[in-house]
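Trainee: Dropping in work.tsv, with TSV, C-alpha atoms.
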```
chain	number	residue	atom	x	y	z
A	1	MET	CA	1.51	-27.31	21.03
A	2	ILE	CA	-1.77	-25.71	22.10
A	3	ASP	CA	-4.85	-27.28	20.59
A	4	GLN	CA	-7.29	-25.40	18.38
A	5	GLU	CA	-9.95	-25.44	21.09
A	6	THR	CA	-7.70	-23.55	23.52
A	7	LYS	CA	-6.76	-21.11	20.76
A	8	LYS	CA	-10.42	-20.48	19.93
A	9	GLU	CA	-11.29	-20.02	23.59
A	10	MET	CA	-8.40	-17.56	24.00
A	11	GLU	CA	-9.51	-15.74	20.86
A	12	ASP	CA	-13.03	-15.33	22.27
A	13	LEU	CA	-11.72	-14.18	25.64
A	14	LEU	CA	-9.37	-11.66	24.05
A	15	LYS	CA	-12.10	-10.24	21.85
A	16	GLN	CA	-14.31	-9.66	24.86
A	17	ALA	CA	-11.54	-7.83	26.73
A	18	ILE	CA	-9.89	-6.15	23.75
A	19	ALA	CA	-12.47	-5.50	21.08
A	20	PRO	CA	-11.40	-5.39	17.42
A	21	ILE	CA	-11.00	-1.86	16.10
A	22	LYS	CA	-13.55	-1.09	13.45
A	23	ASP	CA	-12.59	1.46	10.77
A	24	PRO	CA	-10.25	3.68	12.79
A	25	GLU	CA	-10.40	7.20	11.44
A	26	LEU	CA	-7.46	9.54	11.29
A	27	ARG	CA	-8.78	12.76	12.82
A	28	ARG	CA	-6.24	15.15	11.32
A	29	ASP	CA	-3.80	15.52	8.50
A	30	LEU	CA	-0.35	14.49	9.72
A	31	TRP	CA	1.61	16.23	6.95
A	32	PRO	CA	2.48	19.33	9.07
A	33	GLN	CA	3.85	16.97	11.76
A	34	MET	CA	5.77	15.13	9.03
A	35	LEU	CA	7.33	18.37	7.79
A	36	ASN	CA	8.40	19.24	11.35
A	37	LYS	CA	10.03	15.84	11.70
A	38	LEU	CA	11.84	16.26	8.38
A	39	ASN	CA	13.09	19.69	9.46
A	40	GLU	CA	14.26	18.41	12.85
A	41	HIS	CA	15.78	15.18	11.50
A	42	PRO	CA	16.59	15.69	7.83
A	43	ALA	CA	16.84	12.44	5.89
A	44	PRO	CA	20.32	11.95	4.39
A	45	ALA	CA	20.68	12.62	0.66
A	46	GLN	CA	22.01	9.12	0.08
A	47	ASN	CA	21.75	6.58	2.80
A	48	VAL	CA	24.70	4.17	2.65
A	49	PRO	CA	24.52	1.40	5.25
A	50	TRP	CA	27.46	1.18	7.67
A	51	PHE	CA	28.37	-2.33	6.52
A	52	ASP	CA	28.89	-1.03	2.96
A	53	TRP	CA	31.46	1.44	4.31
A	54	ALA	CA	33.06	-1.34	6.39
A	55	LEU	CA	33.28	-3.60	3.34
A	56	ALA	CA	34.86	-0.82	1.27
A	57	ALA	CA	37.39	-0.13	4.06
A	58	ILE	CA	38.33	-3.83	4.33
A	59	ALA	CA	38.71	-4.11	0.54
A	60	GLY	CA	40.85	-0.94	0.44
A	61	ALA	CA	43.07	-2.15	3.29
A	62	ALA	CA	43.50	-5.54	1.60
A	63	LEU	CA	44.66	-3.86	-1.61
A	64	ILE	CA	47.13	-1.64	0.26
A	65	PHE	CA	48.65	-4.35	2.46
A	66	PHE	CA	48.49	-7.17	-0.10
A	67	PRO	CA	49.11	-5.54	-3.50
A	68	GLY	CA	49.82	-9.01	-4.90
A	69	ILE	CA	46.09	-9.71	-5.04
A	70	ILE	CA	45.47	-6.88	-7.54
A	71	PRO	CA	46.36	-8.96	-10.66
A	72	ALA	CA	44.22	-11.83	-9.32
A	73	LEU	CA	41.37	-9.37	-8.78
A	74	PHE	CA	41.64	-8.07	-12.36
A	75	TYR	CA	41.77	-11.64	-13.65
A	76	HIS	CA	38.48	-12.48	-11.88
A	77	LEU	CA	36.82	-9.25	-12.97
B	1	MET	CA	8.31	10.66	-14.57
B	2	GLU	CA	5.96	8.57	-12.46
B	3	LEU	CA	5.09	9.58	-8.91
B	4	LEU	CA	6.97	6.69	-7.26
B	5	GLU	CA	10.02	7.33	-9.44
B	6	ARG	CA	10.01	10.99	-8.41
B	7	PHE	CA	9.64	9.95	-4.76
B	8	ALA	CA	12.55	7.49	-5.04
B	9	ALA	CA	14.62	10.30	-6.57
B	10	GLY	CA	13.96	12.43	-3.48
B	11	ASP	CA	11.22	14.76	-4.77
B	12	LEU	CA	9.51	16.17	-1.64
B	13	ASP	CA	6.34	17.11	-3.54
B	14	ALA	CA	5.96	13.53	-4.75
B	15	PHE	CA	6.51	12.34	-1.17
B	16	GLU	CA	3.75	14.68	0.04
B	17	VAL	CA	1.30	13.24	-2.50
B	18	ILE	CA	2.21	9.68	-1.47
B	19	PHE	CA	1.99	10.64	2.20
B	20	ARG	CA	-1.53	12.00	1.77
B	21	GLN	CA	-2.57	8.94	-0.25
B	22	HIS	CA	-1.34	6.41	2.29
B	23	GLN	CA	-1.39	8.07	5.72
B	24	LYS	CA	-4.87	6.76	6.61
B	25	ALA	CA	-4.05	3.15	5.71
B	26	VAL	CA	-0.73	3.25	7.56
B	27	TYR	CA	-2.38	4.85	10.60
B	28	ALA	CA	-5.19	2.24	10.60
B	29	TRP	CA	-2.66	-0.59	10.48
B	30	ILE	CA	-0.57	0.88	13.30
B	31	VAL	CA	-3.50	1.72	15.55
B	32	SER	CA	-4.72	-1.86	15.29
B	33	ILE	CA	-1.34	-2.98	16.64
B	34	VAL	CA	-0.60	-0.38	19.34
B	35	ARG	CA	-4.27	0.40	20.17
B	36	ASP	CA	-3.64	4.03	21.07
B	37	THR	CA	-4.59	6.87	18.72
B	38	GLY	CA	-1.93	9.34	19.91
B	39	ILE	CA	0.90	6.83	19.72
B	40	ALA	CA	-0.39	5.62	16.35
B	41	GLU	CA	-0.22	9.17	14.97
B	42	ASP	CA	3.38	9.56	16.14
B	43	LEU	CA	4.30	6.16	14.74
B	44	THR	CA	2.66	7.00	11.42
B	45	VAL	CA	4.95	10.02	11.12
B	46	GLU	CA	7.92	7.90	12.23
B	47	THR	CA	7.01	5.30	9.58
B	48	PHE	CA	6.91	7.88	6.78
B	49	TRP	CA	10.17	9.37	8.01
B	50	ARG	CA	11.77	5.92	7.72
B	51	ILE	CA	10.16	5.53	4.30
B	52	TYR	CA	11.62	8.84	3.12
B	53	LYS	CA	15.01	8.02	4.63
B	54	ASN	CA	15.10	4.69	2.78
B	55	ARG	CA	13.54	5.92	-0.48
B	56	PHE	CA	16.68	4.87	-2.41
B	57	ARG	CA	15.98	1.25	-1.51
B	58	PHE	CA	12.46	1.34	-2.92
B	59	HIS	CA	12.06	0.11	-6.47
B	60	PRO	CA	9.42	2.23	-8.27
B	61	ASP	CA	7.90	-0.93	-9.80
B	62	GLY	CA	7.45	-2.45	-6.36
B	63	ASN	CA	4.37	-2.54	-4.15
B	64	PHE	CA	4.55	0.67	-2.10
B	65	GLN	CA	1.66	-0.29	0.18
B	66	ALA	CA	3.26	-3.59	1.18
B	67	TRP	CA	6.62	-1.88	1.73
B	68	ALA	CA	5.00	0.85	3.85
B	69	ARG	CA	3.07	-1.72	5.89
B	70	ARG	CA	6.26	-3.61	6.65
B	71	ILE	CA	8.04	-0.46	7.81
B	72	ALA	CA	4.95	0.48	9.87
B	73	THR	CA	4.92	-2.95	11.49
B	74	ASN	CA	8.59	-2.61	12.43
B	75	ALA	CA	7.97	0.85	13.89
B	76	ALA	CA	5.00	-0.46	15.90
B	77	LEU	CA	7.00	-3.47	17.07
B	78	ASP	CA	9.86	-1.20	18.18
B	79	HIS	CA	7.30	0.73	20.21
B	80	LEU	CA	5.84	-2.44	21.78
B	81	ARG	CA	9.32	-3.64	22.71
B	82	HIS	CA	10.29	-0.40	24.39
B	83	ALA	CA	6.96	0.59	25.94
B	84	ARG	CA	7.30	-0.30	29.61
B	85	HIS	CA	3.85	0.71	30.72
B	86	GLU	CA	0.75	-0.99	29.52
B	87	THR	CA	-1.31	0.80	26.95
B	88	GLU	CA	-4.98	1.02	27.67
B	89	LEU	CA	-7.51	0.95	24.86
B	90	PRO	CA	-8.79	4.51	24.59
B	91	GLU	CA	-12.54	4.90	24.76
B	92	ASN	CA	-12.67	7.04	21.64
B	93	LEU	CA	-11.54	4.16	19.41
B	94	PRO	CA	-14.32	2.80	17.22
B	95	ALA	CA	-14.53	-0.78	18.47
B	96	ALA	CA	-16.72	-3.57	17.18
B	97	PRO	CA	-19.53	-4.56	19.57
B	98	VAL	CA	-18.54	-7.09	22.21
B	99	ALA	CA	-20.31	-10.39	21.63
B	100	ASP	CA	-20.60	-11.57	25.22
B	101	SER	CA	-21.37	-8.83	27.70
B	102	ALA	CA	-21.54	-11.39	30.50
B	103	VAL	CA	-17.78	-11.35	30.93
B	104	ARG	CA	-17.24	-9.35	34.07
B	105	LEU	CA	-15.18	-6.21	34.24
B	106	GLU	CA	-12.72	-7.83	36.61
B	107	THR	CA	-12.13	-10.72	34.24
B	108	ARG	CA	-11.62	-8.33	31.34
B	109	ASP	CA	-9.05	-6.42	33.38
B	110	ARG	CA	-7.17	-9.64	34.06
B	111	ILE	CA	-7.18	-10.59	30.40
B	112	ARG	CA	-5.99	-7.11	29.42
B	113	LYS	CA	-3.25	-7.20	32.03
B	114	ALA	CA	-2.03	-10.58	30.78
B	115	PHE	CA	-2.23	-9.40	27.17
B	116	TYR	CA	-0.31	-6.16	27.71
B	117	GLU	CA	2.42	-8.05	29.56
B	118	LEU	CA	3.18	-10.23	26.53
B	119	PRO	CA	6.56	-9.61	24.84
B	120	GLY	CA	6.20	-7.32	21.80
B	121	LYS	CA	6.60	-9.95	19.08
B	122	TYR	CA	3.92	-12.17	20.65
B	123	ARG	CA	1.60	-9.25	21.32
B	124	LEU	CA	1.90	-8.22	17.69
B	125	VAL	CA	0.81	-11.59	16.28
B	126	ALA	CA	-1.79	-12.14	19.03
B	127	THR	CA	-3.39	-8.78	18.26
B	128	MET	CA	-3.40	-9.19	14.52
B	129	ALA	CA	-4.32	-12.89	14.37
B	130	LEU	CA	-6.64	-13.36	17.35
B	131	VAL	CA	-8.24	-9.94	17.82
B	132	GLU	CA	-8.18	-8.32	14.37
B	133	GLU	CA	-8.45	-11.65	12.48
B	134	GLU	CA	-5.85	-10.75	9.88
B	135	SER	CA	-4.69	-13.70	7.80
B	136	TYR	CA	-1.42	-15.39	8.68
B	137	SER	CA	-0.05	-14.55	5.24
B	138	ASP	CA	-0.81	-10.83	5.66
B	139	ILE	CA	0.81	-10.82	9.11
B	140	ALA	CA	3.83	-12.71	7.77
B	141	GLN	CA	4.28	-10.27	4.90
B	142	ALA	CA	3.91	-7.23	7.15
B	143	ALA	CA	6.27	-8.58	9.80
B	144	GLY	CA	8.80	-9.90	7.31
B	145	ILE	CA	8.67	-13.44	8.70
B	146	SER	CA	7.36	-16.77	7.40
B	147	GLU	CA	3.77	-17.92	7.83
B	148	LEU	CA	5.06	-20.86	9.84
B	149	LEU	CA	6.78	-18.50	12.28
B	150	VAL	CA	3.55	-16.52	12.62
B	151	LYS	CA	1.72	-19.74	13.55
B	152	VAL	CA	4.42	-20.66	16.04
B	153	ARG	CA	4.29	-17.21	17.64
B	154	VAL	CA	0.48	-17.31	17.85
B	155	PHE	CA	0.61	-20.63	19.66
B	156	ARG	CA	3.36	-19.39	21.97
B	157	ALA	CA	1.35	-16.24	22.67
B	158	VAL	CA	-1.70	-18.37	23.54
B	159	ARG	CA	0.40	-20.57	25.81
B	160	LEU	CA	1.91	-17.53	27.55
B	161	LEU	CA	-1.52	-15.95	27.95
B	162	ARG	CA	-2.90	-19.15	29.41
B	163	LYS	CA	-0.07	-19.27	31.94
B	164	LYS	CA	-0.45	-15.62	32.86
B	165	LEU	CA	-4.23	-15.92	33.20
B	166	SER	CA	-3.77	-19.02	35.30
B	167	SER	CA	-1.43	-17.13	37.64
B	168	LEU	CA	-4.06	-14.38	37.83
B	169	GLY	CA	-6.67	-16.94	38.87
B	170	LEU	CA	-8.43	-17.42	35.55
B	171	LYS	CA	-8.37	-20.90	34.04
B	172	VAL	CA	-8.54	-21.35	30.28
B	173	ASN	CA	-9.31	-24.85	29.02
B	174	SER	CA	-7.29	-26.50	31.78
B	175	GLN	CA	-6.35	-30.02	30.80
```
Would you give me this structure, written as structure tokens?
Mentor:
Amino acid sequence: MIDQETKKEMEDLLKQAIAPIKDPELRRDLWPQMLNKLNEHPAPAQNVPWFDWALAAIAGAALIFFPGIIPALFYHL
Amino acid sequence: MELLERFAAGDLDAFEVIFRQHQKAVYAWIVSIVRDTGIAEDLTVETFWRIYKNRFRFHPDGNFQAWARRIATNAALDHLRHARHETELPENLPAAPVADSAVRLETRDRIRKAFYELPGKYRLVATMALVEEESYSDIAQAAGISELLVKVRVFRAVRLLRKKLSSLGLKVNSQ
């Protein structure tokens, strides 16, 4: 591990080379840019992750190929 | 219906209100990570696009600002990981006064070079912890990692920087 003294020295060096940013101001409203992005890449109405679809497919396949598990499934539900 | 509920339900007007309320804070957070105003503007838009895309996952009782900051951090980190060329600090950024003006320009260039060559995840924590002096807990929350991992990454970043500076002919606390 690096000692605190080295860390402090590095911190001081970094601050002299890369000064902290003080109160950065946004120079323009970004909403028009946001609207353009939404028009170009519309967000889906309902975003379902791919693994949810995969899980549903696996469950469906299991029920089709192993119908014997259906009563067990109902029992546990 | 509350504003955040309307946003989560996909109301674009509610999203616009939230966007205007939070765009400055999100931009300020991102610019402190990527240190480039133009890139920070693009990443702010990208962040809000991700926010809108994932609005169904947001619980209206949750902390929107913390959620937005986490998405912004991920967007900034994605940029740092994929940005091949070093990003110079633009002169138009309002920077705090440098304490020690005796550090020569050449030395500063070496430090910058070493810093911008750090892998994204180390550059992120080094910037926020060592330059911007954000607390470890704030960094951990924004990056979605534990405070312990933040500390580990800060120390690794310092070690990497020391090695890089050493190879560039600048010794830091050589033991």
Trainee: Would you mind reading off the distance between atom CA of Leu80 of chain B and atom CA of Tyr27 of chain B, one decimal, in Å?
Mentor: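 These two atoms are separated by 15.7 Å.
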Trainee: What is the distance between atom CA of Glu133 of chain B and atom CA of Arg162 of chain B, in Å to one decimal?
Mentor: 19.3 Å
Trainee: Please list as a list in words every residue within 10 Å of Asp78 of chain B, counting all atoms listed in the file and excluding residues in the same chain fewer than 6 positions away.
Mentor: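 Within the cut-off, the hits are Leu43, Ala72, Gly120 and Lys121 of chain B.
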Trainee: Select, as a PDB file with C-alpha atoms, in the frame of the given file, those residues of chain A with any atom no more than 7 Å from chain B (distances computed using all atoms listed in the file).
Mentor:
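What follows is the written file selection_0.pdb:
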```pdb
ATOM      1  CA  MET A   1       1.510 -27.310  21.030  1.00  0.00           C
ATOM      2  CA  ILE A   2      -1.770 -25.710  22.100  1.00  0.00           C
ATOM      3  CA  THR A   6      -7.700 -23.550  23.520  1.00  0.00           C
ATOM      4  CA  LYS A   7      -6.760 -21.110  20.760  1.00  0.00           C
ATOM      5  CA  MET A  10      -8.400 -17.560  24.000  1.00  0.00           C
ATOM      6  CA  GLU A  11      -9.510 -15.740  20.860  1.00  0.00           C
ATOM      7  CA  LEU A  14      -9.370 -11.660  24.050  1.00  0.00           C
ATOM      8  CA  LYS A  15     -12.100 -10.240  21.850  1.00  0.00           C
ATOM      9  CA  GLN A  16     -14.310  -9.660  24.860  1.00  0.00           C
ATOM     10  CA  ALA A  17     -11.540  -7.830  26.730  1.00  0.00           C
ATOM     11  CA  ILE A  18      -9.890  -6.150  23.750  1.00  0.00           C
ATOM     12  CA  ALA A  19     -12.470  -5.500  21.080  1.00  0.00           C
ATOM     13  CA  PRO A  20     -11.400  -5.390  17.420  1.00  0.00           C
ATOM     14  CA  ILE A  21     -11.000  -1.860  16.100  1.00  0.00           C
ATOM     15  CA  LYS A  22     -13.550  -1.090  13.450  1.00  0.00           C
ATOM     16  CA  ASP A  23     -12.590   1.460  10.770  1.00  0.00           C
ATOM     17  CA  PRO A  24     -10.250   3.680  12.790  1.00  0.00           C
ATOM     18  CA  LEU A  26      -7.460   9.540  11.290  1.00  0.00           C
ATOM     19  CA  MET A  34       5.770  15.130   9.030  1.00  0.00           C
ATOM     20  CA  ALA A  43      16.840  12.440   5.890  1.00  0.00           C
ATOM     21  CA  PRO A  44      20.320  11.950   4.390  1.00  0.00           C
ATOM     22  CA  ASN A  47      21.750   6.580   2.800  1.00  0.00           C
TER      23      ASN A  47
END
```
Trainee: What's the separation between atom CA of Tyr136 of chain B and atom CA of Lys171 of chain B, in Å to one decimal place?
Mentor: 26.9 Å
Trainee: Which one of B:Lys151, B:His22, B:His59, B:His82 sits closest to Phe7 of chain B if you count only C-alpha atoms?
Mentor: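 Distance minimum relative to Phe7 of chain B lands on B:His59.
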Trainee: Here is a test: counting all atoms listed in the file, which residue of B:Phe64, B:Ile30, B:Gly38, B:Glu117 is nearest to Ala8 of chain B?
Mentor: B:Phe64
